[in-house]
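Here is the file input.cif (mmCIF, C-alpha atoms and all ligand atoms).
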```
data_coords
#
loop_
_atom_site.label_atom_id
_atom_site.label_comp_id
_atom_site.auth_asym_id
_atom_site.auth_seq_id
_atom_site.Cartn_x
_atom_site.Cartn_y
_atom_site.Cartn_z
CA MET Z 1 -12.80 70.50 -25.43
CA LYS Z 2 -12.12 72.25 -22.15
CA GLU Z 3 -8.50 72.87 -21.27
CA LYS Z 4 -7.71 71.16 -17.95
CA ILE Z 5 -6.02 72.91 -15.06
CA THR Z 6 -4.64 70.16 -12.86
CA ILE Z 7 -4.49 71.08 -9.19
CA PRO Z 8 -3.29 68.65 -6.52
CA TYR Z 9 -5.04 69.11 -3.18
CA ILE Z 10 -4.70 67.85 0.38
CA VAL Z 11 -7.91 68.01 2.42
CA GLY Z 12 -6.05 68.01 5.74
CA ASP Z 13 -7.00 67.06 9.28
CA GLY Z 14 -9.65 68.30 11.71
CA THR Z 15 -11.82 70.90 9.99
CA GLY Z 16 -10.01 70.36 6.66
CA GLU Z 17 -12.90 68.25 5.33
CA ASP Z 18 -15.53 70.92 6.20
CA ILE Z 19 -13.50 73.62 4.51
CA TRP Z 20 -12.75 71.60 1.39
CA ASN Z 21 -16.42 70.62 0.97
CA ALA Z 22 -17.47 74.27 1.17
CA SER Z 23 -14.78 75.57 -1.19
CA HIS Z 24 -14.03 73.39 -4.21
CA GLU Z 25 -17.23 74.32 -6.07
CA ILE Z 26 -16.31 77.98 -5.70
CA PHE Z 27 -13.00 77.36 -7.47
CA GLU Z 28 -14.71 75.32 -10.20
CA GLU Z 29 -17.39 77.98 -10.76
CA ALA Z 30 -14.87 80.85 -10.81
CA VAL Z 31 -12.70 79.11 -13.41
CA GLN Z 32 -15.78 78.35 -15.51
CA LYS Z 33 -16.97 81.99 -15.32
CA ALA Z 34 -13.64 83.76 -15.77
CA THR Z 35 -12.60 81.62 -18.75
CA LYS Z 36 -16.09 81.52 -20.28
CA GLY Z 37 -16.11 77.77 -20.02
CA GLU Z 38 -12.80 77.29 -21.85
CA LYS Z 39 -11.00 75.86 -18.83
CA GLY Z 40 -11.97 73.44 -16.10
CA ILE Z 41 -10.23 72.08 -13.00
CA GLU Z 42 -8.98 68.53 -12.71
CA TRP Z 43 -8.48 67.83 -9.00
CA VAL Z 44 -5.90 65.30 -7.84
CA GLU Z 45 -6.37 64.25 -4.23
CA LEU Z 46 -3.20 63.67 -2.21
CA HIS Z 47 -2.74 62.61 1.38
CA ALA Z 48 -0.53 63.98 4.14
CA GLY Z 49 -0.53 63.97 7.93
CA GLN Z 50 -2.89 61.98 10.12
CA LYS Z 51 -5.26 61.13 7.25
CA ALA Z 52 -2.36 59.82 5.18
CA LEU Z 53 -1.26 57.68 8.13
CA ASP Z 54 -4.78 56.23 8.41
CA VAL Z 55 -5.18 55.62 4.66
CA THR Z 56 -1.65 54.65 3.55
CA GLY Z 57 0.28 53.92 6.75
CA GLU Z 58 2.68 56.80 6.03
CA LEU Z 59 2.60 60.43 7.20
CA LEU Z 60 3.82 61.75 3.86
CA PRO Z 61 3.49 59.21 1.03
CA GLU Z 62 5.96 59.36 -1.86
CA LYS Z 63 3.03 59.91 -4.27
CA THR Z 64 2.21 63.20 -2.54
CA ILE Z 65 5.77 64.47 -2.96
CA LYS Z 66 6.10 63.27 -6.56
CA THR Z 67 2.74 64.72 -7.66
CA ILE Z 68 3.40 68.15 -6.17
CA GLU Z 69 6.83 68.13 -7.83
CA GLU Z 70 5.16 67.29 -11.14
CA TYR Z 71 2.44 69.95 -11.07
CA LYS Z 72 4.48 72.61 -9.19
CA VAL Z 73 1.49 73.82 -7.19
CA ALA Z 74 -0.90 72.45 -4.59
CA ILE Z 75 -3.54 73.65 -2.18
CA LYS Z 76 -3.72 72.12 1.25
CA GLY Z 77 -5.90 72.21 4.32
CA PRO Z 78 -4.42 72.31 7.82
CA LEU Z 79 -2.54 69.37 9.32
CA THR Z 80 -2.50 68.50 13.01
CA THR Z 81 0.85 68.32 14.82
CA PRO Z 82 0.96 66.76 18.30
CA VAL Z 83 2.32 69.04 21.05
CA GLY Z 84 5.27 67.99 23.23
CA GLY Z 85 5.90 64.61 21.56
CA GLY Z 86 4.79 62.41 18.65
CA PHE Z 87 5.69 63.19 15.05
CA ARG Z 88 7.19 66.47 13.82
CA SER Z 89 5.10 68.91 11.78
CA ILE Z 90 4.33 67.71 8.26
CA ASN Z 91 3.51 71.33 7.35
CA VAL Z 92 7.04 72.37 8.24
CA TYR Z 93 8.49 69.29 6.54
CA LEU Z 94 6.66 70.07 3.27
CA ARG Z 95 8.08 73.61 3.33
CA GLN Z 96 11.56 72.20 3.87
CA ILE Z 97 11.58 69.42 1.26
CA PHE Z 98 10.22 71.68 -1.50
CA ASP Z 99 12.39 74.56 -0.25
CA LEU Z 100 9.36 76.87 -0.02
CA TYR Z 101 11.40 79.63 1.57
CA VAL Z 102 8.86 82.46 1.27
CA CYS Z 103 5.66 82.42 3.29
CA MET Z 104 3.27 85.16 2.13
CA ARG Z 105 0.28 86.14 4.26
CA PRO Z 106 -1.76 89.14 3.09
CA VAL Z 107 -3.85 90.87 5.77
CA ARG Z 108 -6.35 93.25 4.19
CA TYR Z 109 -9.53 94.70 5.65
CA PHE Z 110 -12.61 94.81 3.48
CA ASN Z 111 -16.16 95.95 4.04
CA GLY Z 112 -18.23 93.72 6.33
CA LEU Z 113 -15.35 92.23 8.33
CA PRO Z 114 -15.49 92.83 12.07
CA SER Z 115 -12.49 94.48 13.71
CA PRO Z 116 -11.51 95.62 17.19
CA MET Z 117 -9.96 98.73 15.59
CA LYS Z 118 -11.49 102.19 15.16
CA THR Z 119 -10.16 102.55 11.63
CA PRO Z 120 -9.77 99.01 10.28
CA GLU Z 121 -9.67 100.25 6.68
CA LYS Z 122 -6.07 101.22 7.42
CA VAL Z 123 -5.09 97.57 7.74
CA ASN Z 124 -3.43 96.40 4.53
CA PHE Z 125 -0.18 94.54 5.17
CA ILE Z 126 1.55 91.54 3.80
CA VAL Z 127 3.43 89.48 6.35
CA PHE Z 128 6.37 87.74 4.67
CA ARG Z 129 7.88 85.03 6.82
CA GLU Z 130 11.14 83.18 6.13
CA ASN Z 131 9.98 79.60 5.96
CA THR Z 132 12.95 77.24 6.29
CA GLU Z 133 15.21 78.41 9.12
CA ASP Z 134 15.04 79.66 12.72
CA LEU Z 135 13.66 77.56 15.58
CA TYR Z 136 11.26 76.04 13.05
CA ARG Z 137 14.09 73.85 11.73
CA GLY Z 138 13.12 71.64 14.64
CA ILE Z 139 16.69 70.96 15.83
CA GLU Z 140 16.08 70.21 19.48
CA TRP Z 141 16.85 67.68 22.16
CA LYS Z 142 14.70 66.60 25.05
CA GLU Z 143 15.96 67.14 28.58
CA GLY Z 144 17.84 64.15 29.97
CA THR Z 145 18.64 62.48 26.61
CA PRO Z 146 22.26 61.53 25.81
CA GLU Z 147 22.25 64.19 23.05
CA ALA Z 148 21.14 66.94 25.43
CA GLN Z 149 23.65 65.79 28.07
CA SER Z 150 26.44 65.73 25.50
CA LEU Z 151 25.65 69.25 24.27
CA ILE Z 152 25.40 70.57 27.84
CA GLN Z 153 28.83 69.05 28.54
CA PHE Z 154 30.27 70.59 25.35
CA LEU Z 155 28.86 74.01 26.28
CA LYS Z 156 30.38 73.68 29.75
CA ASP Z 157 33.83 72.43 28.69
CA THR Z 158 34.38 74.38 25.49
CA MET Z 159 32.10 77.43 25.65
CA LYS Z 160 32.35 77.99 29.41
CA THR Z 161 28.56 78.15 29.63
CA ASP Z 162 26.92 76.36 32.52
CA LEU Z 163 23.36 75.04 32.13
CA PRO Z 164 21.33 72.95 34.57
CA GLU Z 165 21.40 69.20 33.71
CA SER Z 166 17.62 69.25 33.37
CA THR Z 167 17.72 71.60 30.35
CA GLY Z 168 16.04 70.82 27.02
CA LEU Z 169 17.85 72.46 24.10
CA GLY Z 170 16.89 73.92 20.73
CA ILE Z 171 19.01 75.51 18.00
CA LYS Z 172 18.04 78.71 16.19
CA PRO Z 173 19.83 78.69 12.83
CA ILE Z 174 19.61 81.88 10.72
CA SER Z 175 22.07 81.97 7.82
CA ARG Z 176 23.28 84.76 5.57
CA ALA Z 177 22.41 82.68 2.48
CA GLY Z 178 18.90 81.86 3.72
CA THR Z 179 18.16 85.45 4.69
CA VAL Z 180 19.61 87.02 1.57
CA ARG Z 181 17.57 84.94 -0.88
CA PHE Z 182 14.40 85.56 1.16
CA ALA Z 183 14.98 89.32 1.50
CA ARG Z 184 15.80 89.57 -2.22
CA TRP Z 185 12.55 87.79 -3.15
CA VAL Z 186 10.47 90.08 -0.93
CA ILE Z 187 12.18 93.30 -2.06
CA ASP Z 188 11.73 92.22 -5.65
CA TYR Z 189 8.04 91.64 -4.93
CA ALA Z 190 7.76 95.08 -3.29
CA ILE Z 191 9.31 96.75 -6.33
CA LYS Z 192 7.25 94.86 -8.92
CA ASN Z 193 4.03 95.52 -7.01
CA LYS Z 194 4.83 99.19 -6.24
CA ARG Z 195 4.49 98.76 -2.48
CA ARG Z 196 5.15 101.66 -0.07
CA SER Z 197 7.50 100.24 2.53
CA VAL Z 198 9.34 97.19 3.81
CA THR Z 199 9.88 96.79 7.57
CA VAL Z 200 12.23 94.16 8.99
CA VAL Z 201 10.74 92.69 12.20
CA HIS Z 202 13.47 91.30 14.47
CA LYS Z 203 14.58 90.85 18.06
CA GLY Z 204 18.19 91.71 17.25
CA ASN Z 205 18.72 93.61 20.49
CA ILE Z 206 18.60 90.28 22.35
CA MET Z 207 19.43 87.63 19.73
CA LYS Z 208 22.26 89.54 18.12
CA TYR Z 209 23.81 86.86 15.90
CA THR Z 210 20.56 85.38 14.64
CA GLU Z 211 17.79 88.00 14.47
CA GLY Z 212 20.27 90.90 14.62
CA ALA Z 213 22.16 89.30 11.73
CA PHE Z 214 18.85 88.77 9.88
CA LYS Z 215 18.30 92.53 10.05
CA GLU Z 216 21.85 93.30 8.85
CA TYR Z 217 21.64 90.89 5.90
CA ALA Z 218 18.25 92.29 4.87
CA TYR Z 219 19.68 95.84 4.88
CA GLU Z 220 22.65 94.66 2.79
CA VAL Z 221 20.23 93.31 0.18
CA ALA Z 222 18.15 96.51 0.24
CA LYS Z 223 21.26 98.63 -0.36
CA GLY Z 224 21.63 96.81 -3.67
CA PHE Z 225 18.51 98.64 -4.97
CA PRO Z 226 19.46 102.36 -4.70
CA GLU Z 227 17.09 103.35 -7.51
CA GLU Z 228 14.05 101.83 -5.87
CA ILE Z 229 14.69 101.89 -2.12
CA THR Z 230 15.23 104.72 0.36
CA PHE Z 231 16.38 104.56 3.98
CA ASP Z 232 15.16 108.11 4.65
CA ALA Z 233 11.98 109.30 3.01
CA ASP Z 234 12.81 110.01 -0.64
CA LYS Z 235 9.56 110.55 -2.47
CA GLY Z 236 8.60 107.87 -4.96
CA LYS Z 237 10.82 105.21 -3.43
CA ILE Z 238 10.06 102.27 -1.17
CA VAL Z 239 10.93 103.09 2.45
CA PHE Z 240 13.08 100.41 4.08
CA ASN Z 241 13.20 100.32 7.88
CA ASP Z 242 13.07 97.95 10.83
CA ARG Z 243 11.28 97.52 14.14
CA ILE Z 244 12.00 95.38 17.17
CA ALA Z 245 9.40 92.62 17.23
CA ASP Z 246 7.63 93.46 20.50
CA ASN Z 247 7.22 97.08 19.41
CA MET Z 248 5.86 95.85 16.06
CA PHE Z 249 2.96 94.10 17.80
CA MET Z 250 1.97 97.48 19.24
CA GLN Z 251 2.57 99.36 15.97
CA ILE Z 252 0.22 97.18 13.90
CA ILE Z 253 -2.60 98.01 16.32
CA LEU Z 254 -1.96 101.70 16.92
CA ARG Z 255 -0.48 102.88 13.59
CA PRO Z 256 -1.34 100.28 10.95
CA ASP Z 257 -1.28 102.78 8.08
CA GLU Z 258 2.46 103.32 8.59
CA TYR Z 259 3.22 99.72 7.63
CA ASP Z 260 2.97 97.83 4.39
CA ILE Z 261 5.29 94.84 3.94
CA LEU Z 262 6.62 93.11 7.07
CA LEU Z 263 9.79 91.06 6.50
CA CYS Z 264 10.12 88.52 9.31
CA PRO Z 265 12.25 85.61 10.44
CA ASN Z 266 10.24 82.41 10.73
CA LEU Z 267 8.98 82.50 14.32
CA ASN Z 268 8.23 86.25 14.44
CA GLY Z 269 6.27 85.89 11.20
CA ASP Z 270 4.29 83.01 12.66
CA TYR Z 271 3.25 84.99 15.74
CA LEU Z 272 2.70 88.24 13.88
CA SER Z 273 0.47 86.80 11.17
CA ASP Z 274 -2.07 85.49 13.70
CA ALA Z 275 -2.02 88.86 15.53
CA CYS Z 276 -2.55 90.69 12.22
CA ALA Z 277 -5.42 88.33 11.35
CA ALA Z 278 -7.13 89.37 14.60
CA LEU Z 279 -7.35 92.94 13.26
CA ILE Z 280 -9.63 91.84 10.42
CA GLY Z 281 -11.86 89.26 12.07
CA GLY Z 282 -9.46 86.41 12.91
CA LEU Z 283 -7.87 83.28 11.50
CA GLY Z 284 -10.98 82.37 9.54
CA VAL Z 285 -10.15 85.02 6.92
CA ALA Z 286 -6.33 84.80 6.74
CA PRO Z 287 -4.96 83.17 3.57
CA GLY Z 288 -1.39 82.17 2.82
CA ALA Z 289 1.12 80.83 0.32
CA ASN Z 290 4.42 78.98 0.71
CA ILE Z 291 6.56 79.80 -2.30
CA GLY Z 292 9.88 78.47 -3.57
CA ASP Z 293 11.78 78.82 -6.84
CA ARG Z 294 10.06 75.76 -8.36
CA ILE Z 295 6.96 74.98 -6.32
CA ALA Z 296 4.24 76.84 -4.40
CA VAL Z 297 1.82 75.38 -1.87
CA PHE Z 298 -1.20 77.43 -0.82
CA GLU Z 299 -2.80 77.02 2.61
CA PRO Z 300 -4.75 78.98 5.20
CA THR Z 301 -2.86 80.56 8.09
CA HIS Z 302 -4.94 78.67 10.64
CA GLY Z 303 -4.56 75.12 11.94
CA SER Z 304 -6.91 72.15 12.03
CA ALA Z 305 -9.13 73.61 14.81
CA PRO Z 306 -10.03 70.04 15.88
CA LYS Z 307 -12.82 70.99 18.28
CA TYR Z 308 -14.92 72.15 15.31
CA ALA Z 309 -14.12 69.17 13.05
CA GLY Z 310 -17.16 67.74 11.24
CA LYS Z 311 -19.52 70.33 12.74
CA ASP Z 312 -19.85 72.34 9.52
CA VAL Z 313 -19.37 75.65 11.34
CA ILE Z 314 -15.82 76.75 10.60
CA ASN Z 315 -15.06 79.69 8.30
CA PRO Z 316 -13.77 78.51 4.90
CA THR Z 317 -12.76 82.06 3.79
CA SER Z 318 -9.08 81.64 4.60
CA PHE Z 319 -8.92 78.52 2.41
CA ILE Z 320 -11.02 80.13 -0.36
CA LEU Z 321 -8.72 83.18 -0.45
CA SER Z 322 -5.66 80.89 -0.45
CA GLY Z 323 -7.18 79.37 -3.59
CA ALA Z 324 -7.51 82.87 -5.07
CA MET Z 325 -3.78 83.34 -4.43
CA LEU Z 326 -3.09 80.04 -6.22
CA PHE Z 327 -4.99 81.14 -9.34
CA HIS Z 328 -3.09 84.43 -9.38
CA HIS Z 329 0.17 82.49 -9.09
CA ILE Z 330 -0.64 80.20 -12.04
CA GLY Z 331 -1.44 83.15 -14.30
CA LEU Z 332 -5.21 83.38 -13.88
CA PRO Z 333 -5.65 86.74 -12.12
CA GLY Z 334 -9.21 87.00 -13.47
CA VAL Z 335 -10.23 83.85 -11.56
CA SER Z 336 -8.52 85.18 -8.46
CA ALA Z 337 -10.29 88.55 -8.67
CA LEU Z 338 -13.69 86.90 -9.18
CA ILE Z 339 -13.24 84.74 -6.07
CA GLU Z 340 -12.12 87.69 -3.95
CA LYS Z 341 -15.02 89.85 -5.11
CA ALA Z 342 -17.59 87.12 -4.44
CA VAL Z 343 -16.22 86.51 -0.93
CA GLU Z 344 -16.22 90.25 -0.19
CA LYS Z 345 -19.80 90.62 -1.44
CA THR Z 346 -21.01 87.65 0.63
CA ILE Z 347 -19.38 88.92 3.83
CA GLY Z 348 -20.44 92.49 3.01
CA ASP Z 349 -24.05 91.25 2.83
CA GLY Z 350 -23.74 89.96 6.41
CA ILE Z 351 -23.63 86.27 5.44
CA VAL Z 352 -20.91 85.03 7.77
CA THR Z 353 -19.89 82.00 9.84
CA TYR Z 354 -19.86 81.89 13.68
CA ASP Z 355 -16.41 83.48 14.10
CA LEU Z 356 -17.36 86.73 12.38
CA ALA Z 357 -21.01 86.67 13.54
CA ARG Z 358 -20.00 86.74 17.21
CA GLN Z 359 -18.07 89.95 16.60
CA LEU Z 360 -20.95 91.64 14.76
CA ALA Z 361 -24.29 92.92 16.06
CA ASN Z 362 -27.54 91.21 14.97
CA VAL Z 363 -25.99 88.67 12.63
CA THR Z 364 -27.06 85.02 12.61
CA PRO Z 365 -24.22 82.73 11.63
CA VAL Z 366 -24.53 80.48 8.60
CA LYS Z 367 -22.90 77.07 8.36
CA CYS Z 368 -19.58 76.57 6.62
CA SER Z 369 -21.32 74.80 3.71
CA GLU Z 370 -24.01 77.54 3.46
CA PHE Z 371 -21.33 80.20 3.22
CA GLY Z 372 -19.70 78.27 0.38
CA LYS Z 373 -23.03 77.87 -1.46
CA GLN Z 374 -23.71 81.60 -1.12
CA VAL Z 375 -20.32 82.49 -2.64
CA VAL Z 376 -21.10 80.17 -5.57
CA LYS Z 377 -24.47 81.92 -5.96
CA VAL Z 378 -22.79 85.34 -6.00
CA LEU Z 379 -20.34 84.10 -8.64
P1 LIG T 1 -6.00 76.64 15.04
O1 LIG T 1 -6.35 75.30 14.52
O2 LIG T 1 -5.60 77.66 14.05
O3 LIG T 1 -7.24 77.15 15.90
C1 LIG T 1 -7.14 78.17 16.87
C2 LIG T 1 -8.44 78.94 16.95
O4 LIG T 1 -8.49 79.84 15.84
C3 LIG T 1 -9.71 78.12 16.83
O5 LIG T 1 -10.04 77.49 18.05
C4 LIG T 1 -10.68 79.17 16.38
O6 LIG T 1 -10.97 80.10 17.43
C5 LIG T 1 -9.84 79.97 15.40
N1 LIG T 1 -9.89 79.42 14.02
C6 LIG T 1 -8.98 78.65 13.39
N2 LIG T 1 -9.38 78.39 12.15
C7 LIG T 1 -10.56 78.99 11.98
C8 LIG T 1 -11.49 79.08 10.91
N3 LIG T 1 -11.27 78.49 9.73
N4 LIG T 1 -12.63 79.78 11.12
C9 LIG T 1 -12.88 80.37 12.28
N5 LIG T 1 -12.05 80.34 13.33
C10 LIG T 1 -10.91 79.65 13.18
O7 LIG T 1 -4.79 76.56 16.09
P2 LIG T 1 -4.46 75.51 17.24
O8 LIG T 1 -5.72 75.12 17.94
O9 LIG T 1 -3.38 76.15 17.96
O10 LIG T 1 -3.87 74.26 16.46
C11 LIG T 1 -4.62 73.08 16.13
C12 LIG T 1 -3.72 72.15 15.32
O11 LIG T 1 -3.41 72.74 14.06
C13 LIG T 1 -2.36 71.85 15.99
O12 LIG T 1 -2.09 70.49 15.81
C14 LIG T 1 -1.38 72.71 15.20
O13 LIG T 1 -0.10 72.15 15.16
C15 LIG T 1 -2.01 72.68 13.82
N6 LIG T 1 -1.64 73.83 12.95
C16 LIG T 1 -1.50 73.54 11.62
C17 LIG T 1 -1.21 74.57 10.75
C18 LIG T 1 -1.09 74.21 9.29
O14 LIG T 1 -1.58 73.19 8.88
N7 LIG T 1 -0.46 75.05 8.48
C19 LIG T 1 -1.10 75.89 11.21
C20 LIG T 1 -1.29 76.16 12.57
C21 LIG T 1 -1.57 75.11 13.44
P3 LIG T 1 -12.20 79.99 18.44
O15 LIG T 1 -11.98 78.76 19.26
O16 LIG T 1 -12.07 81.25 19.23
O17 LIG T 1 -13.47 79.91 17.66
#
```

Written as structure tokens, that's how I'd like the structure from this file.
Amino acid sequence: MKEKITIPYIVGDGTGEDIWNASHEIFEEAVQKATKGEKGIEWVELHAGQKALDVTGELLPEKTIKTIEEYKVAIKGPLTTPVGGGFRSINVYLRQIFDLYVCMRPVRYFNGLPSPMKTPEKVNFIVFRENTEDLYRGIEWKEGTPEAQSLIQFLKDTMKTDLPESTGLGIKPISRAGTVRFARWVIDYAIKNKRRSVTVVHKGNIMKYTEGAFKEYAYEVAKGFPEEITFDADKGKIVFNDRIADNMFMQIILRPDEYDILLCPNLNGDYLSDACAALIGGLGVAPGANIGDRIAVFEPTHGSAPKYAGKDVINPTSFILSGAMLFHHIGLPGVSALIEKAVEKTIGDGIVTYDLARQLANVTPVKCSEFGKQVVKVL
């Protein structure tokens, strides 16, 4: 009898269906191969977002929450969030309700990927993004509402700060507690995985009591590891430093080899991970994980790319590599390594979807599903 590995999954909106269809066989085949047939996957489909609304009448059904709580892991495709109005992001809500405070996004060049850089092999970062605070908390009020008017009045009367009546307002909460637990998790990861450096990415020169405080709290945590961390350049220790966010965007392009782990508040991490993905071919190859103390949800960095939905052209690599991260997380590093190797071999052989093909010379793109089939063949 095969031992079952139960994995809840959410297909997602837009191109989610294309990506899922191209990927699940890869996961099944890799588990079969790496465990010599001793284990097999039992998939449990869950709904969230627009598809959940269509199927169940709710954006995030109770069953989805309960099942993820039961199995402690899930893999999800992208979910669409309307801009400017409509419902709030279900992606962000999932991170908040499961308290998935660490977002991990590895950005590593491998052979066959296109890159705008002269020496792309120097790109090997992990962007860690705080996942529950900052402007992403979604505390904001539309211009002209009673709430916005009341806050504008309070700021005027009590804080002696005058704002035009037509102002929309948002709050940027960054707490000591939220930053400390996040920084501790990342530093612990850096130590366990023998990484070279940790760089705090902040805009503390301008936002002194939020991003500036984020930097200070992170340094306080780092000072608690004198055996492992250096603030100068002690040999054999992890270098801990910081960069102002706008400078960091330049640094990753001009001097990527000087950076290793990037420790970011929520919004900086969001921007920076897409920019880093561009160095290795784009969002089609950028995986991610949202990790808490109890639960972890794995998902690609990209969104639902609705204009490509149902066209079978999108790159499933980001989702496939997110799956590899899931298997590593649940104690199956052999499955994870097999998936990564098969993806690298496929891309290295020039079998790529449109997004990579258009950055390479003389390459004809394959469909999303064909890419998936080829990875299964390599496995
Ligand atoms: P997006 O869906 O990430 O797409 C932006 C562009 O990135 C695409 O037009 C495409 O570029 C490229 N891209 C994205 N995924 C790709 C893939 N798998 N393979 C190849 N190229 C890929 O971002 P968006 O258009 O800003 O957002 C669309 C929706 O997704 C929004 O509702 C947003 O809120 C949501 N979103 C969800 C998540 C999530 O679920 N975690 C994350 C981000 C955004 P080209 O057009 O140049 O080919």

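In terms of minimum interatomic distance to ligand LIG 1 (chain T), Z:Ala289 ranks closest within Z:Ala361, Z:Ala289, Z:Val378, Z:Leu163, counting all atoms listed in the file.
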
Selection as a PyMOL selection string: residues within 6 Å of ligand LIG 1 (chain T) by all atoms listed in the file:
chain Z and resi 78-82+91+283-284+301-305+314-316+355

So that I can check the surroundings of Lys367 (chain Z), please list as an mmCIF file with C-alpha atoms, in the frame of the given file every protein, DNA and RNA residue that reaches within 9 Å of it, counting only C-alpha atoms and ignoring chain neighbours fewer than 2 positions away.
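New file around_37.cif:
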```cif
data_model
loop_
_atom_site.group_PDB
_atom_site.id
_atom_site.type_symbol
_atom_site.label_atom_id
_atom_site.label_comp_id
_atom_site.auth_asym_id
_atom_site.auth_seq_id
_atom_site.Cartn_x
_atom_site.Cartn_y
_atom_site.Cartn_z
ATOM 1 C CA LYS Z 311 -19.520 70.330 12.740
ATOM 2 C CA ASP Z 312 -19.850 72.340 9.520
ATOM 3 C CA VAL Z 313 -19.370 75.650 11.340
ATOM 4 C CA ILE Z 314 -15.820 76.750 10.600
ATOM 5 C CA ASN Z 315 -15.060 79.690 8.300
ATOM 6 C CA VAL Z 352 -20.910 85.030 7.770
ATOM 7 C CA THR Z 353 -19.890 82.000 9.840
ATOM 8 C CA TYR Z 354 -19.860 81.890 13.680
ATOM 9 C CA PRO Z 365 -24.220 82.730 11.630
ATOM 10 C CA SER Z 369 -21.320 74.800 3.710
ATOM 11 C CA GLU Z 370 -24.010 77.540 3.460
ATOM 12 C CA PHE Z 371 -21.330 80.200 3.220
ATOM 13 C CA GLY Z 372 -19.700 78.270 0.380
#
```

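Across the model, the gap from CA of Ile191 (chain Z) to CA of Phe214 (chain Z) is 20.4 Å.
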
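For His328 (chain Z), the set of protein, DNA and RNA residues having any atom at most 12 Å away, when counting all atoms listed in the file and skipping those fewer than 2 positions along the same chain, is Val31, Val73, Ala289, Ala296, Phe298, Leu321, Ser322, Gly323, Ala324, Met325, Leu326, Ile330, Gly331, Leu332, Pro333, Gly334, Val335, Ser336, Ala337, Leu338, Ile339 and Glu340 of chain Z.
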
Would you work out the distance separating CA of Thr161 (chain Z) from CA of Ala148 (chain Z), expressed in Å to one decimal?
14.1 Å

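CA of Glu3 (chain Z) lies 17.6 Å from CA of Glu25 (chain Z).
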
Given the choices Z:Leu53, Z:Leu356, Z:Val123, Z:Ile90, which gets closest to Ile261 (chain Z) if the distance is worked out from all atoms listed in the file?
Z:Val123

What are the closest atom pairs, with distances in Å to one decimal, for each residue of region 154-271 of chain Z lying within 12 Å of region 92-113 of chain Z, using only C-alpha atoms, rows by chain and rising residue number, as a tab-separated table?
```
residue	atom	partner	partner_atom	distance
Z:Ala177	CA	Z:Tyr101	CA	11.5
Z:Gly178	CA	Z:Tyr101	CA	8.1
Z:Thr179	CA	Z:Tyr101	CA	9.5
Z:Val180	CA	Z:Tyr101	CA	11.0
Z:Arg181	CA	Z:Tyr101	CA	8.5
Z:Phe182	CA	Z:Val102	CA	6.3
Z:Ala183	CA	Z:Val102	CA	9.2
Z:Arg184	CA	Z:Val102	CA	10.5
Z:Trp185	CA	Z:Val102	CA	7.8
Z:Val186	CA	Z:Val102	CA	8.1
Z:Ile187	CA	Z:Val102	CA	11.8
Z:Tyr189	CA	Z:Met104	CA	10.7
Z:Ile252	CA	Z:Val107	CA	11.1
Z:Pro256	CA	Z:Arg108	CA	11.0
Z:Asp257	CA	Z:Arg108	CA	11.5
Z:Tyr259	CA	Z:Val107	CA	11.5
Z:Asp260	CA	Z:Val107	CA	9.8
Z:Ile261	CA	Z:Pro106	CA	9.1
Z:Leu262	CA	Z:Arg105	CA	9.8
Z:Leu263	CA	Z:Met104	CA	9.8
Z:Cys264	CA	Z:Cys103	CA	9.7
Z:Pro265	CA	Z:Cys103	CA	10.2
Z:Asn266	CA	Z:Cys103	CA	8.7
Z:Leu267	CA	Z:Cys103	CA	11.5
Z:Gly269	CA	Z:Cys103	CA	8.7
Z:Asp270	CA	Z:Cys103	CA	9.5
Z:Tyr271	CA	Z:Arg105	CA	11.9
```

For each of Z:Phe154, Z:Phe319, Z:Tyr209, Z:Phe327, take the minimum atom-to-atom distance to Cys368 (chain Z), counting all atoms listed in the file, then give the residue where this is smallest.
Z:Phe319

Contacts of region 228-233 of chain Z within 12 Å, only C-alpha atoms, excl. fewer than 5 positions in-chain, as a VMD selection string
chain Z and resid 187 to 199 219 to 223 238 to 242

Residue selection dump (C-alpha atoms) as a JSON list (two decimals), keeping the file's coordinate frame:
```
[["chain", "number", "residue", "atom", "x", "y", "z"],
["Z", 187, "ILE", "CA", 12.18, 93.30, -2.06],
["Z", 188, "ASP", "CA", 11.73, 92.22, -5.65],
["Z", 189, "TYR", "CA", 8.04, 91.64, -4.93],
["Z", 190, "ALA", "CA", 7.76, 95.08, -3.29],
["Z", 191, "ILE", "CA", 9.31, 96.75, -6.33],
["Z", 192, "LYS", "CA", 7.25, 94.86, -8.92],
["Z", 193, "ASN", "CA", 4.03, 95.52, -7.01],
["Z", 194, "LYS", "CA", 4.83, 99.19, -6.24],
["Z", 195, "ARG", "CA", 4.49, 98.76, -2.48],
["Z", 196, "ARG", "CA", 5.15, 101.66, -0.07],
["Z", 197, "SER", "CA", 7.50, 100.24, 2.53],
["Z", 198, "VAL", "CA", 9.34, 97.19, 3.81],
["Z", 199, "THR", "CA", 9.88, 96.79, 7.57],
["Z", 219, "TYR", "CA", 19.68, 95.84, 4.88],
["Z", 220, "GLU", "CA", 22.65, 94.66, 2.79],
["Z", 221, "VAL", "CA", 20.23, 93.31, 0.18],
["Z", 222, "ALA", "CA", 18.15, 96.51, 0.24],
["Z", 223, "LYS", "CA", 21.26, 98.63, -0.36],
["Z", 238, "ILE", "CA", 10.06, 102.27, -1.17],
["Z", 239, "VAL", "CA", 10.93, 103.09, 2.45],
["Z", 240, "PHE", "CA", 13.08, 100.41, 4.08],
["Z", 241, "ASN", "CA", 13.20, 100.32, 7.88],
["Z", 242, "ASP", "CA", 13.07, 97.95, 10.83]]
```
